[in-house]
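A short worksheet on the structure shown next.
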Number of protein chains: 6
Amino acid sequence: MSNSVLISELAWTEYEKRLAGGRTPVLIPVGALEQHGPHLPLNCDTVIPTAVCVEAAKRIGALVAPPIEYGYKSQPRSGGGNHFPGTTSLDGHTLVLMTRDIIREFARHGVRKIAIVVGHTENLMFTTEACDLAIRDLKAQGITDMKIIHMGYWEFMTEATMHKVFPDGFPSWNLEHAGVMETSVMLHLRNSLVDFDQVPKHAPADFPPYDIHPVEPHRIPASGALSSGQTATAEKGKYMFDEYVESIAAALTKEFAL
Amino acid sequence: MSNSVLISELAWTEYEKRLAGGRTPVLIPVGALEQHGPHLPLNCDTVIPTAVCVEAAKRIGALVAPPIEYGYKSQPRSGGGNHFPGTTSLDGHTLVLMTRDIIREFARHGVRKIAIVVGHTENLMFTTEACDLAIRDLKAQGITDMKIIHMGYWEFMTEATMHKVFPDGFPSWNLEHAGVMETSVMLHLRNSLVDFDQVPKHAPADFPPYDIHPVEPHRIPASGALSSGQTATAEKGKYMFDEYVESIAAALTKEFAL
Amino acid sequence: MSNSVLISELAWTEYEKRLAGGRTPVLIPVGALEQHGPHLPLNCDTVIPTAVCVEAAKRIGALVAPPIEYGYKSQPRSGGGNHFPGTTSLDGHTLVLMTRDIIREFARHGVRKIAIVVGHTENLMFTTEACDLAIRDLKAQGITDMKIIHMGYWEFMTEATMHKVFPDGFPSWNLEHAGVMETSVMLHLRNSLVDFDQVPKHAPADFPPYDIHPVEPHRIPASGALSSGQTATAEKGKYMFDEYVESIAAALTKEFAL
Amino acid sequence: MSNSVLISELAWTEYEKRLAGGRTPVLIPVGALEQHGPHLPLNCDTVIPTAVCVEAAKRIGALVAPPIEYGYKSQPRSGGGNHFPGTTSLDGHTLVLMTRDIIREFARHGVRKIAIVVGHTENLMFTTEACDLAIRDLKAQGITDMKIIHMGYWEFMTEATMHKVFPDGFPSWNLEHAGVMETSVMLHLRNSLVDFDQVPKHAPADFPPYDIHPVEPHRIPASGALSSGQTATAEKGKYMFDEYVESIAAALTKEFAL
Amino acid sequence: MSNSVLISELAWTEYEKRLAGGRTPVLIPVGALEQHGPHLPLNCDTVIPTAVCVEAAKRIGALVAPPIEYGYKSQPRSGGGNHFPGTTSLDGHTLVLMTRDIIREFARHGVRKIAIVVGHTENLMFTTEACDLAIRDLKAQGITDMKIIHMGYWEFMTEATMHKVFPDGFPSWNLEHAGVMETSVMLHLRNSLVDFDQVPKHAPADFPPYDIHPVEPHRIPASGALSSGQTATAEKGKYMFDEYVESIAAALTKEFAL
Amino acid sequence: MSNSVLISELAWTEYEKRLAGGRTPVLIPVGALEQHGPHLPLNCDTVIPTAVCVEAAKRIGALVAPPIEYGYKSQPRSGGGNHFPGTTSLDGHTLVLMTRDIIREFARHGVRKIAIVVGHTENLMFTTEACDLAIRDLKAQGITDMKIIHMGYWEFMTEATMHKVFPDGFPSWNLEHAGVMETSVMLHLRNSLVDFDQVPKHAPADFPPYDIHPVEPHRIPASGALSSGQTATAEKGKYMFDEYVESIAAALTKEFAL
C-alpha cells in the first residue's frame with residue numbers, strides 16, 4: 001500500500017494504522033484560486049502550503065489532508081482585489097464552515113493534533129474562526145484534548161533570510177503578492193508553470209491606508225502583482241521553501257510533543 | 001505559458017484569453033474524501049470525475065476548475081456510512097454554499113457554461129441545490145444567461161457497457177461503492193494506488209430499504225466496500241472511462257452548442 | 001379523550017400518557033406540495049405517507065406527527081421540475097432545519113424511536129441531513145439513545161408486487177412520478193380528488209442522464225406526469241398501500257424492538 | 001375536478017386556472033403544535049386559522065395553502081411555556097425561512113395577494129420577518145407588486161363580541177391561552193376533540209411582567225391553560241368564529257380590492 | 001480605579017473582582033436606532049433602558065453591559081414602520097445572534113445572573129429567542145445554572161402610575177410610540193435632546209388589526225409618532241423612570257436572590 | 001434641535017435634512033469590549049474610533065452612527081486572547097451580519113458615502129466581508145452608487161509620529177495592544193478611566209509565528225497587555241489623536257469628493 005503522506009492516497013485501513021492513537025498530526029493546507037500576476041499560475045497559494053505540508057509531514061511523521069483550494073476574497077492591498085478574472089473566492093462564512101467541518105471530521109477519526117497551514121493572507125481570520133468554532137463544537141461532543149496550530153507559512157521566514165532574499169529591503173508581506181518570494185518559491189516548486197518573461201517590472205503598488213468598496217480597479221497595478229518578482233530565482237525559492245519546511249516541522253514537533 | 005486545461009495552472013491573463021467571451025465551458029469536479037474499501041485510496045470520488053473532466057475538456061475546448069475534494073456525508077447504503085476513519089465529510093449546507101460560491105465566481109469572470117461533474121452519489125442533491133441558489137443569485141445580479149449541466153458521471157454508462165463489465169448482472173449503482181466499476185477505473189487511472197490483493201471477496205451488502213440514524217456499523221460490511229471488485233481490471237476501467245469521457249463530451253457539446 | 005393516533009388530535013396529558021416512557025414510536029410524514037399531473041391533487045406526496053403512517057401506527061402502537069407538507073424543490077427527472085404552478089417548495093436548508101427542529105422537540109418529550117417517512121424523492125437527502133444534525137445536537141444535550149428510521153415509503157414495494165402492478169415492466173421510480181403507482185394509491189385513498197379522465201396518455205418521459213439549470217420546460221412532458229397512470233386502479237392502489245403499511249409496520253416493529 | 005378552496009386538493013392545471021392572473025388571494029395559515037390544557041387537542045392553533053381561512057376563502061374567491069403546523073416556541077406568559085410534552089416548536093430562524101420560502105414560491109406562481117393568518121401569538125414576529133425578507137427577495141427578482149396582509153386572527157374580535165363572550169371582563173389575549181375563546185371555537189369546530197370535563201377550573205395565571213430563562217415550570221399552571229374555559233360554549237364559539245370569518249373576509253376584500 | 005457600574009469603563013481586573021463568583025448580575029440594555037417623531041432623538045429606545053439599567057444596577061450591585069444600539073425592524077403599529085429615514089434596523093436573525101453571543105460570553109466570564117432589558121417592542125421575540133439559544137448552547141458546554149430575566153422595561157408601569165400619567169385613559173403600549181411616556185422620560189433624562197415645540201398634535205394613529213407588507217407610508221402619521229406627547233412633562237418622566245428603576249431593581253433582587 | 005454629529009441624538013426630521021441628498025458621509029465606528037490590561041477600561045477599542053469619527057465628522061460635515069461596541073474574538077498575538085474576563089466577543093458571522101445590516105439601512109436612507117472606522121484589529125476581515133456583502137445586496141436592490149471606505153484608524157499614523165512616540169523603535173501594531181499608543185490616546189480622551197499606576201512594566205510579549213487553539217493562557221502576559229504603556233502620556237495621545245483625525249478627515253474629503 002501507498003507510503004504517501006497524502007491522506008487522499010491512502011486506503012482507510014492504512015490511514016487508520018497511521019493515526020497511531022491520535023498521536024499523528026494532520027496538516028491541512030488552506031489555499032486559494034487567485035490571480036498572481038501574468039507570470040504565475042492561479043494556484044500559488046495552494047501549491048506552496050501543500051508542498052510545505054508534504055515536506056514537513058515527511059520529517060515529523062504527519063499526514064496531509066487534501067488542500068482547500070478556494071479561499072476568501074482577494075483584497076486589493078494584499079492580493080490585488082477580487083475583481084480579476086481567475087480569482088475565485090468564497091464568502092467568509094463558507095470558508096469558515098468548510099474548515100470547521102473538516103477539523104471536526106478529523107477529530108472524529110481520533111486525530112488530536114492538527115495544523116492549519118494557510119497560503120493566502122485573506123484566509124487567516126476565517127480559518128481562525130473555524131478553529132474556534134470547531135473547538136467549541138468538539139467540546140460539546142465531549143472532545144476536549146484537540147490542539148490546533150494555525151499559521152500563515154510565510155510568517156516563518158527569519159530575518160536573516162529576509163535580508164538575503166531582499167537585499168534592498170523587504171517591502172511588506174502584503175506587497176509581496178506575486179512578488180519575489182512567491183515567484184521564487186514557485187520557480188523552485190513548479191518551474192514549468194512560471195513564465196518568467198511575464199514578470200511585471202513596475203514599482204511596488206502604493207496604497208492609501210484604507211480599503212475602498214466596491215473596488216476601484218484603476219488604483220491597482222494592472223498586472224495583478226503588487227511588486228515585481230524580477231529578482232526572484234529558483235535558488236532563492238529553494239532556500240526559503242526549505243526554511244519554511246524546517247521551521248514549521250520544528251514548531252510542530254515542539255507544540256505536538258512529537 | 002501553460003497549455004493546461006486546468007484553471008489552477010494558468011496565469012490570469014491566459015485564463016482570460018481562454019474564456020473567449022463566455023463561450024468556454026468550465027467543468028467543476030465535485031468529489032469526496034471517503035473510504036473505498038481496503039484496496040482503494042480515499043480520493044476515488046475526486047480522482048475519477050477530475051480525470052473525466054480533464055479528458056472531456058481537452059476534447060471540447062473547456063477548462064477544469066480545482067475539484068471540491070470534500071463531499072457530503074457517506075451513507076451506509078451508497079457509501080458504507082460516515083463512521084469510517086478517513087471518510088471526511090461536510091455538512092450539507094457547507095457543500096451547498098461552497099459550490100454556489102464557486103459558480104457565482106465563474107459567472108463573474110464571464111463564464112456562462114458550467115458543468116458540475118459529481119463523483120460521489122451523496123453530493124447530488126446538495127450540488128443540485130447549489131445550482132439552483134446560484135442561478136437565483138445570478139438573476140438578482142442581472143445575469144440570466146448562465147446554463148449549468150449537473151451530473152453524476154456514472155449515469156453515462158450505457159447498457160451495453162454495463163452488460164460487458166457486469167456479465168453476471170449489475171447489482172445497483174449504490175452497491176457499486178468500491179466495487180467493480182470504481183476499482184477498474186482506478187486501476188486504469190491510478191494503478192499504483194490500488195492494492196488489488198486487498199480487494200474484499202465478500203458478497204454484496206444486503207440492506208433493508210431504509211436508513212438508521214445513528215449508523216449501526218455492524219450492519220455494514222467491515223471492509224467498507226459494498227460489493228466485491230474482484231472482477232475489476234484496468235482494461236475494463238479504461239473502457240468505462242473512455243466511454244464516460246466521450247459521452248460527457250458529446251452531451252456538453254450538444255447542450256452548450258459548442 | 002380521543003383515541004386517535006394523530007398527535008395533533010391529542011391533549012398534552014393524553015399525549016404524555018401515550019409516550020409510555022419513550023417506548024412509543026413517533027412517525028413523521030414528510031411530503032410536498034407538488035404538481036402530479038392534471039389528474040392528481042398537489043398533495044399526493046403528503047397524503048400517501050401520512051396515510052401509511054396512520055395505518056402503520058395503528059398496528060404498532062405508534063403516534064403520527066403532523067406532516068411536513070412542503071418539500072424540497074421538484075427536479076425534472078423525478079418530479080417534473082420546480083417551474084410548474086402549484087409546486088411550492090423549500091430551500092434545502094429550510095427543510096433540513098424544519099425536520100431537525102421537530103426531531104429535537106420529540107426527543108425533548110422523551111421520544112426515542114422516530115420514523116421519518118418521506119413521500120417525495122427530492123426530500124430524501126435533506127431529511128437525511130436533518131437526522132444527522134438532530135442526532136449530533138441531541139448528543140450535545142446528553143441524549144444518546146435516540147434511534148431514527150428514515151425511509152421513502154415506496155422503497156418497500158416488493159418485486160412480486162412490482163410485477164403484479166407493472167405487468168409490462170417497471171420503468172423506474174423516478175418516472176413513476178404521477179404514474180401508475182401514485183395514481184392507484186390516490187384512487188384508493190382519495191378517490192374524489194382524482195380526475196381519471198385527465199390521466200395523461202403520453203409515453204414515459206425520456207431524459208438524458210443529467211440535469212439542466214435553469215430548467216428547460218419544453219423538455220419535460222407538458223402534463224407534469226413523467227409516465228402514464230392509465231393502468232392505475234383503486235384495487236392496485238389498495239394492494240400496494242396495504243403492502244407498504246404491513247412492510248413498514250414490520251420493519252419498525254423489528255428495528256424498535258416493539 | 002375538485003371545487004375545493006384548498007390548494008392541496010387541486011391539480012396544478014386547476015390551480016393555474018384559479019389563479020386568474022394573480023388576482024386570486026392565497027391565504028396561508030400559520031399554526032403550532034402546542035399544548036392547550038388537558039381539554040383541548042394540540043392542534044388548536046392550526047385548526048382555527050385554517051378553518052377561518054377556508055371560510056373566508058369561500059366568501060372572497062381565495063385559495064388556502066396547507067397550514068404550517070409547527071410554530072415558534074411557546075412562551076410561559078402567552079402559551080404556558082415550551083417545556084410541556086406535546087408542544088413541538090421551531091427555532092425562530094426556521095419558521096422565518098419556512099414562511100419566506102412559501103411566500104416566494106406563491107409569488108413565482110404569479111400570486112400577488114397573500115394573507116398570512118397566524119393562529120399562535122408567538123409566531124407573529126417571525127412571520128413578520130418572513131414577510132419582510134420575502135418582499136426583499138422578490139424585489140431582487142424583479143417582483144415589486146406583491147401585497148401581503150399579515151394578522152393574528154383573534155385581533156379581529158370586536159369590543160361588542162368581547163363583552164358578550166366575557167361578560168365579567170376580558171383578561172387579556174395572552175391569558176386567553178386555552179381559555180374561553182379557544183375552547184369555545186374548538187367546541188364549534190372540532191367538538192369531538194374537546195374533553196369538556198377536563199377544562200381546568202383554576203384562576204387565571206398570574207405572571208410578573210417579565211420572562212425567566214430557562215423556564216421555571218412550577219410558576220405556570222400545571223394544566224397548561226392560562227385561564228379557565230369553563231364558560232366556553234359551542235354557541236359562543238360559532239359566534240366568534242363567524243365574526244372572524246366575516247371581518248377577515250371584509251378586510252381582505254378591501255385591501256386586495258376584490 | 002473606576003467605581004462605575006458600566007462594564008465598558010472597568011479594567012478587566014476590576015471587572016473580575018466585581019463578578020464576585022458569579023453572584024453579580026449583568027444587565028444588558030437592548031435598544032434601537034429608530035425615529036421617534038420630530039421631537040425626540042433616534043436613540044430613545046437605547047437611552048431609556050440603559051439609564052434604567054444604570055440606576056437599577058447601583059441599587060442592587062449589578063453591572064451594566066454596553067447597550068445593543070440597533071434593534072429589530074420598526075413595525076407600523078408599534079413604531080411607525082421601518083421606512084422612515086433614521087430608523088436603522090437589523091434582520092431578526094442578526095439580532096438573535098448578537099444577543100446570544102453576548103450572553104454566552106458573559107457566561108464564560110462566570111456570570112450566572114443576566115437581565116435583558118429591552119427598550120424597543122419589536123425586539124422582544126428576537127431577544128427571547130436569543131435567551132433560548134444561549135441557554136441551549138450553554139447547556140451543551142456544561143453550564144446549567146444560568147438564569148436570565150428578560151423584560152420590556154415599560155411593562156413595569158403600575159396601574160396607579162398609568163392613571164396618573166394618562167388621566168384621560170391609556171391608549172395602548174403600541175400607540176405610545178413617541179407619545180406621552182417616552183417624551184416624558186426623555187425630558188427627564190435628556191432634556192436638551194427633546195424639541196418640545198415639535199411634539200405632534202395629531203390624534204392617535206388608527207390602525208386596522210393587521211399589517212401590510214410592504215408598508216404603505218400614507219397610512220401612518222407623517223410625524224412618525226403614533227400618539228401625541230403634548231401632555232408629557234419631565235416631572236411625569238421622573239416619576240415613571242423612578243418607578244421603573246425601583247420595580248426592576250426589586251424584581252431582580254427577588255429573582256436573583258440578592 | 002440638536003447640532004450634534006451623532007445620528008443617535010438627532011430627530012429623524014433633522015437627520016433627513018442633514019443627509020443632503022446622499023452627499024453627507026456616515027461614519028460607523030466598529031469597536032470591541034476587550035481587556036486592555038489592568039490600567040485601561042474595556043472600551044478602548046470603541047472609545048477611540050468613536051472619538052476619531054466625531055472629530056473627523058465635525059471637520060467634514062459628516063454624521064456618526066452609534067458604534068458597534070462588541071467585536072470579533074480577541075486573538076493572543078494581537079489582543080491577548082479571548083479567554084480574559086471582560087473580553088466579550090461575537091462570532092465572526094454575527095459581526096458580519098450586524099455590520100452588513102447597518103450599511104444596508106443607511107443605504108435605504110439615501111446615504112451613499114460610508115466610512116467603517118475599526119478600532120479593533122480582529123474585526124477587520126469581518127467588517128471587510130460585511131462591506132462586500134452589503135455592496136452585493138445593494139446591487140441586487142438596484143443601488144449601485146454606494147462607496148465605502150474601510151479602515152483601521154491606527155493605520156493612519158505617519159512614520160514621523162511613530163518615531164516621535166516610539167523613540168526607541170516601534171514594536172509592531174499587534175504588540176501595541178494596551179501599549180503606548182492606546183494608553184496615550186486614552187489618557188487624552190478618558191483620563192479618569194486610566195489607572196496609570198497599573199500600567200504593566202513587563203517586556204513586550206514574545207510569540208511564535210503561529211496561533212494555538214484552544215488558547216494556552218500561560219503563554220500570554222498575565223496582565224493582558226502585550227507591551228508596556230509606561231512611556232505613554234496624554235500629550236502623546238493628543239498628538240496621535242489629532243493626527244488620526246486630520247488624516248482621516250483628509251482621506252474622506254478626497255475619497256468622497258467633499
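Please note that chains go A, B, ... in the order of the C-alpha cells, that every chain numbers its residues from 1, and that ligands are numbered from 1 in the order shown.
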
At a cut-off of 8 Å, can you tabulate as JSON lines every residue of chain A near chain B together with its closest atom pair and the distance in Å to one decimal, using only C-alpha atoms and ordering rows by chain then number?
{"residue": "A:Met1", "atom": "CA", "partner": "B:Asp195", "partner_atom": "CA", "distance": 6.0}
{"residue": "A:Ser2", "atom": "CA", "partner": "B:Leu193", "partner_atom": "CA", "distance": 6.2}
{"residue": "A:Ile7", "atom": "CA", "partner": "B:Leu42", "partner_atom": "CA", "distance": 7.2}
{"residue": "A:Ser8", "atom": "CA", "partner": "B:Asn43", "partner_atom": "CA", "distance": 4.8}
{"residue": "A:Glu9", "atom": "CA", "partner": "B:Pro41", "partner_atom": "CA", "distance": 4.8}
{"residue": "A:Leu10", "atom": "CA", "partner": "B:Pro41", "partner_atom": "CA", "distance": 4.6}
{"residue": "A:Ala11", "atom": "CA", "partner": "B:Pro41", "partner_atom": "CA", "distance": 4.2}
{"residue": "A:Trp12", "atom": "CA", "partner": "B:Gln35", "partner_atom": "CA", "distance": 5.3}
{"residue": "A:Thr13", "atom": "CA", "partner": "B:Pro38", "partner_atom": "CA", "distance": 5.6}
{"residue": "A:Glu14", "atom": "CA", "partner": "B:Pro38", "partner_atom": "CA", "distance": 7.8}
{"residue": "A:Tyr15", "atom": "CA", "partner": "B:Gly86", "partner_atom": "CA", "distance": 6.5}
{"residue": "A:Glu16", "atom": "CA", "partner": "B:Pro85", "partner_atom": "CA", "distance": 6.2}
{"residue": "A:Leu33", "atom": "CA", "partner": "B:Ser8", "partner_atom": "CA", "distance": 6.6}
{"residue": "A:Gln35", "atom": "CA", "partner": "B:Trp12", "partner_atom": "CA", "distance": 5.3}
{"residue": "A:His36", "atom": "CA", "partner": "B:Ala11", "partner_atom": "CA", "distance": 7.0}
{"residue": "A:Gly37", "atom": "CA", "partner": "B:Ala11", "partner_atom": "CA", "distance": 6.8}
{"residue": "A:Pro38", "atom": "CA", "partner": "B:Ala11", "partner_atom": "CA", "distance": 5.4}
{"residue": "A:His39", "atom": "CA", "partner": "B:Ala11", "partner_atom": "CA", "distance": 6.2}
{"residue": "A:Leu40", "atom": "CA", "partner": "B:Ala11", "partner_atom": "CA", "distance": 5.4}
{"residue": "A:Pro41", "atom": "CA", "partner": "B:Ala11", "partner_atom": "CA", "distance": 4.2}
{"residue": "A:Leu42", "atom": "CA", "partner": "B:Ser8", "partner_atom": "CA", "distance": 4.9}
{"residue": "A:Asn43", "atom": "CA", "partner": "B:Ser8", "partner_atom": "CA", "distance": 4.8}
{"residue": "A:Pro66", "atom": "CA", "partner": "B:Glu69", "partner_atom": "CA", "distance": 6.8}
{"residue": "A:Ile68", "atom": "CA", "partner": "B:Glu69", "partner_atom": "CA", "distance": 7.8}
{"residue": "A:Glu69", "atom": "CA", "partner": "B:Pro66", "partner_atom": "CA", "distance": 6.8}
{"residue": "A:Phe84", "atom": "CA", "partner": "B:Trp12", "partner_atom": "CA", "distance": 7.6}
{"residue": "A:Pro85", "atom": "CA", "partner": "B:His109", "partner_atom": "CA", "distance": 5.0}
{"residue": "A:Gly86", "atom": "CA", "partner": "B:Trp12", "partner_atom": "CA", "distance": 5.4}
{"residue": "A:Thr87", "atom": "CA", "partner": "B:Trp12", "partner_atom": "CA", "distance": 7.8}
{"residue": "A:Thr88", "atom": "CA", "partner": "B:Glu105", "partner_atom": "CA", "distance": 5.4}
{"residue": "A:Ser89", "atom": "CA", "partner": "B:Glu105", "partner_atom": "CA", "distance": 6.7}
{"residue": "A:Leu90", "atom": "CA", "partner": "B:Asp101", "partner_atom": "CA", "distance": 5.5}
{"residue": "A:Asp91", "atom": "CA", "partner": "B:Asp101", "partner_atom": "CA", "distance": 6.8}
{"residue": "A:Thr94", "atom": "CA", "partner": "B:Leu97", "partner_atom": "CA", "distance": 5.9}
{"residue": "A:Leu95", "atom": "CA", "partner": "B:Met98", "partner_atom": "CA", "distance": 7.8}
{"residue": "A:Leu97", "atom": "CA", "partner": "B:Thr94", "partner_atom": "CA", "distance": 5.9}
{"residue": "A:Met98", "atom": "CA", "partner": "B:Thr94", "partner_atom": "CA", "distance": 6.0}
{"residue": "A:Asp101", "atom": "CA", "partner": "B:Leu90", "partner_atom": "CA", "distance": 5.5}
{"residue": "A:Ile102", "atom": "CA", "partner": "B:Thr88", "partner_atom": "CA", "distance": 6.4}
{"residue": "A:Glu105", "atom": "CA", "partner": "B:Thr88", "partner_atom": "CA", "distance": 5.4}
{"residue": "A:Phe106", "atom": "CA", "partner": "B:Thr88", "partner_atom": "CA", "distance": 6.9}
{"residue": "A:Arg108", "atom": "CA", "partner": "B:Pro85", "partner_atom": "CA", "distance": 7.8}
{"residue": "A:His109", "atom": "CA", "partner": "B:Pro85", "partner_atom": "CA", "distance": 5.0}
{"residue": "A:Ser192", "atom": "CA", "partner": "B:Ser2", "partner_atom": "CA", "distance": 7.6}
{"residue": "A:Leu193", "atom": "CA", "partner": "B:Ser2", "partner_atom": "CA", "distance": 6.2}
{"residue": "A:Val194", "atom": "CA", "partner": "B:Met1", "partner_atom": "CA", "distance": 7.5}
{"residue": "A:Asp195", "atom": "CA", "partner": "B:Met1", "partner_atom": "CA", "distance": 5.9}

Keeping only C-alpha atoms, take the residues you just selected and write them out as a PDB file, in the first residue's frame.
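File written: again.pdb
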ATOM      1  CA  MET A   1       0.000   0.000   0.000  1.00  0.00           C
ATOM      2  CA  SER A   2       0.991   3.571  -0.551  1.00  0.00           C
ATOM      3  CA  ILE A   7      -4.345  11.100   3.205  1.00  0.00           C
ATOM      4  CA  SER A   8      -6.128  11.115  -0.119  1.00  0.00           C
ATOM      5  CA  GLU A   9      -3.801   8.410  -1.438  1.00  0.00           C
ATOM      6  CA  LEU A  10      -4.276   6.019   1.457  1.00  0.00           C
ATOM      7  CA  ALA A  11      -6.874   3.335   1.882  1.00  0.00           C
ATOM      8  CA  TRP A  12      -8.875   3.819   5.045  1.00  0.00           C
ATOM      9  CA  THR A  13      -7.270   0.796   6.644  1.00  0.00           C
ATOM     10  CA  GLU A  14      -3.821   2.261   6.098  1.00  0.00           C
ATOM     11  CA  TYR A  15      -4.992   5.664   7.264  1.00  0.00           C
ATOM     12  CA  GLU A  16      -6.328   4.126  10.449  1.00  0.00           C
ATOM     13  CA  LEU A  33      -7.505  30.201  -6.562  1.00  0.00           C
ATOM     14  CA  GLN A  35      -4.518  35.687  -9.776  1.00  0.00           C
ATOM     15  CA  HIS A  36      -0.788  36.089  -9.136  1.00  0.00           C
ATOM     16  CA  GLY A  37       0.239  38.332 -11.948  1.00  0.00           C
ATOM     17  CA  PRO A  38       0.793  37.365 -15.581  1.00  0.00           C
ATOM     18  CA  HIS A  39       3.709  35.104 -14.736  1.00  0.00           C
ATOM     19  CA  LEU A  40       2.380  32.805 -12.034  1.00  0.00           C
ATOM     20  CA  PRO A  41      -0.437  30.284 -12.112  1.00  0.00           C
ATOM     21  CA  LEU A  42      -3.633  30.805 -10.156  1.00  0.00           C
ATOM     22  CA  ASN A  43      -2.769  28.028  -7.737  1.00  0.00           C
ATOM     23  CA  PRO A  66      -6.404  17.483   0.656  1.00  0.00           C
ATOM     24  CA  ILE A  68      -8.854  23.640   0.477  1.00  0.00           C
ATOM     25  CA  GLU A  69      -8.213  25.147  -2.942  1.00  0.00           C
ATOM     26  CA  PHE A  84      -9.630  39.897 -11.538  1.00  0.00           C
ATOM     27  CA  PRO A  85     -10.659  37.044 -13.808  1.00  0.00           C
ATOM     28  CA  GLY A  86      -9.478  33.800 -12.358  1.00  0.00           C
ATOM     29  CA  THR A  87      -9.683  34.864  -8.763  1.00  0.00           C
ATOM     30  CA  THR A  88     -12.379  32.511  -7.493  1.00  0.00           C
ATOM     31  CA  SER A  89     -13.310  33.094  -3.896  1.00  0.00           C
ATOM     32  CA  LEU A  90     -15.667  32.035  -1.168  1.00  0.00           C
ATOM     33  CA  ASP A  91     -17.838  34.066   1.122  1.00  0.00           C
ATOM     34  CA  THR A  94     -18.432  29.403   3.595  1.00  0.00           C
ATOM     35  CA  LEU A  95     -14.715  29.166   4.255  1.00  0.00           C
ATOM     36  CA  LEU A  97     -17.873  26.247   7.683  1.00  0.00           C
ATOM     37  CA  MET A  98     -15.688  24.293   5.268  1.00  0.00           C
ATOM     38  CA  ASP A 101     -16.369  20.732   9.182  1.00  0.00           C
ATOM     39  CA  ILE A 102     -13.068  19.208   8.148  1.00  0.00           C
ATOM     40  CA  GLU A 105     -14.225  15.105  10.941  1.00  0.00           C
ATOM     41  CA  PHE A 106     -10.548  14.544  11.650  1.00  0.00           C
ATOM     42  CA  ARG A 108     -13.994  12.044  14.797  1.00  0.00           C
ATOM     43  CA  HIS A 109     -11.267   9.854  13.320  1.00  0.00           C
ATOM     44  CA  SER A 192       7.137  24.905 -15.808  1.00  0.00           C
ATOM     45  CA  LEU A 193       4.156  26.907 -14.627  1.00  0.00           C
ATOM     46  CA  VAL A 194       6.130  30.131 -14.227  1.00  0.00           C
ATOM     47  CA  ASP A 195       6.504  32.388 -17.262  1.00  0.00           C
TER      48      ASP A 195
END

List the spatial neighbours of D:His120 as a list of chain:residue names - criterion: any atom at most 8 Å away, only C-alpha atoms, same-chain residues fewer than 3 positions off excluded.
D:Val30, D:Gly31, D:Ala32, D:Asp45, D:Gly71, D:Asn123, D:Leu124, D:Gly152

Restricting it to N, CA and C atoms, dump the selection as a PDB file, in the first residue's frame.
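For reference, out-v9.pdb as written:
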ATOM      1  N   VAL D  30     -50.768  29.863   9.655  1.00  0.00           N
ATOM      2  CA  VAL D  30     -49.516  29.519  10.335  1.00  0.00           C
ATOM      3  C   VAL D  30     -49.840  29.222  11.800  1.00  0.00           C
ATOM      4  N   GLY D  31     -49.800  27.946  12.126  1.00  0.00           N
ATOM      5  CA  GLY D  31     -50.250  27.500  13.431  1.00  0.00           C
ATOM      6  C   GLY D  31     -49.132  27.041  14.342  1.00  0.00           C
ATOM      7  N   ALA D  32     -49.420  26.005  15.082  1.00  0.00           N
ATOM      8  CA  ALA D  32     -48.461  25.463  16.036  1.00  0.00           C
ATOM      9  C   ALA D  32     -48.945  24.085  16.461  1.00  0.00           C
ATOM     10  N   ASP D  45     -54.101  25.776  17.443  1.00  0.00           N
ATOM     11  CA  ASP D  45     -53.580  26.971  16.772  1.00  0.00           C
ATOM     12  C   ASP D  45     -53.440  26.780  15.270  1.00  0.00           C
ATOM     13  N   GLY D  71     -45.013  25.809  15.060  1.00  0.00           N
ATOM     14  CA  GLY D  71     -44.790  27.239  15.239  1.00  0.00           C
ATOM     15  C   GLY D  71     -43.594  27.542  16.124  1.00  0.00           C
ATOM     16  N   ASN D 123     -45.788  33.231  17.026  1.00  0.00           N
ATOM     17  CA  ASN D 123     -45.291  33.255  15.643  1.00  0.00           C
ATOM     18  C   ASN D 123     -45.138  34.658  15.087  1.00  0.00           C
ATOM     19  N   LEU D 124     -45.871  35.610  15.633  1.00  0.00           N
ATOM     20  CA  LEU D 124     -46.135  36.854  14.909  1.00  0.00           C
ATOM     21  C   LEU D 124     -44.886  37.596  14.435  1.00  0.00           C
ATOM     22  N   GLY D 152     -52.872  38.186  13.221  1.00  0.00           N
ATOM     23  CA  GLY D 152     -53.341  37.174  14.153  1.00  0.00           C
ATOM     24  C   GLY D 152     -54.857  37.217  14.090  1.00  0.00           C
TER      25      GLY D 152
END

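Between atom CA of D:Thr127 and atom CA of E:Asp211 the interatomic distance comes to 11.0 Å.
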
So that I can check the surroundings of E:Ala257, please list as a PyMOL selection string every protein, DNA and RNA residue that reaches within 12 Å of it, counting only C-alpha atoms and ignoring chain neighbours fewer than 6 positions away.
chain E and resi 23-25+60+113+147+249-251

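Take the candidates B:Glu216, B:Glu243, B:Glu255, B:Asp206 and check each one against B:Glu155 using only C-alpha atoms; the shortest distance goes to B:Glu243.
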
I need the strand (DSSP E or B) residues of stretch 44-186 of chain C per DSSP on the backbone, written as an NGL selection string.
:C and (63-64 or 68 or 71-72 or 88-90 or 113-118 or 147-152)

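One distance worth recording is that between atom CA of E:Val199 and atom CA of E:Glu159, which is 25.3 Å.
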
Nearby residues (only C-alpha atoms) at most 8 Å from C:Gly92, same-chain spacing under 3 positions excluded, as a PyMOL selection string
(chain B and resi 126+129) or (chain C and resi 72-73+95-96+126)

Can you list, as a ChimeraX atom specification, every protein, DNA or RNA residue that comes within 8 Å of E:Pro221 when you count only C-alpha atoms, leaving out same-chain residues fewer than 3 positions away?
/E:80,205,218,224-226

Report as a PyMOL selection string all protein, DNA and RNA residues lying within 10 Å of stretch 227-235 of chain B, evaluated on only C-alpha atoms, omitting residues in the same chain fewer than 3 positions from it.
chain B and resi 37+39+165-166+171-172+174-191+196-206+221+223-224+238-241

Can you tell me, as a PyMOL selection string, what residues are no more than 9 Å from B:Val52 when counting only C-alpha atoms, ignoring any on the same chain fewer than 4 positions away?
chain B and resi 29+47-48+56-57+117+153+241-242+244-245+248

Enumerate as a ChimeraX atom specification all residues of stretch 21-241 of chain D assigned to alpha helix (DSSP H) by DSSP on the backbone, naming them with the chain letters and numbers the document uses.
/D:44-60,76-79,92-109,124-140,159-165,180-189,234-241
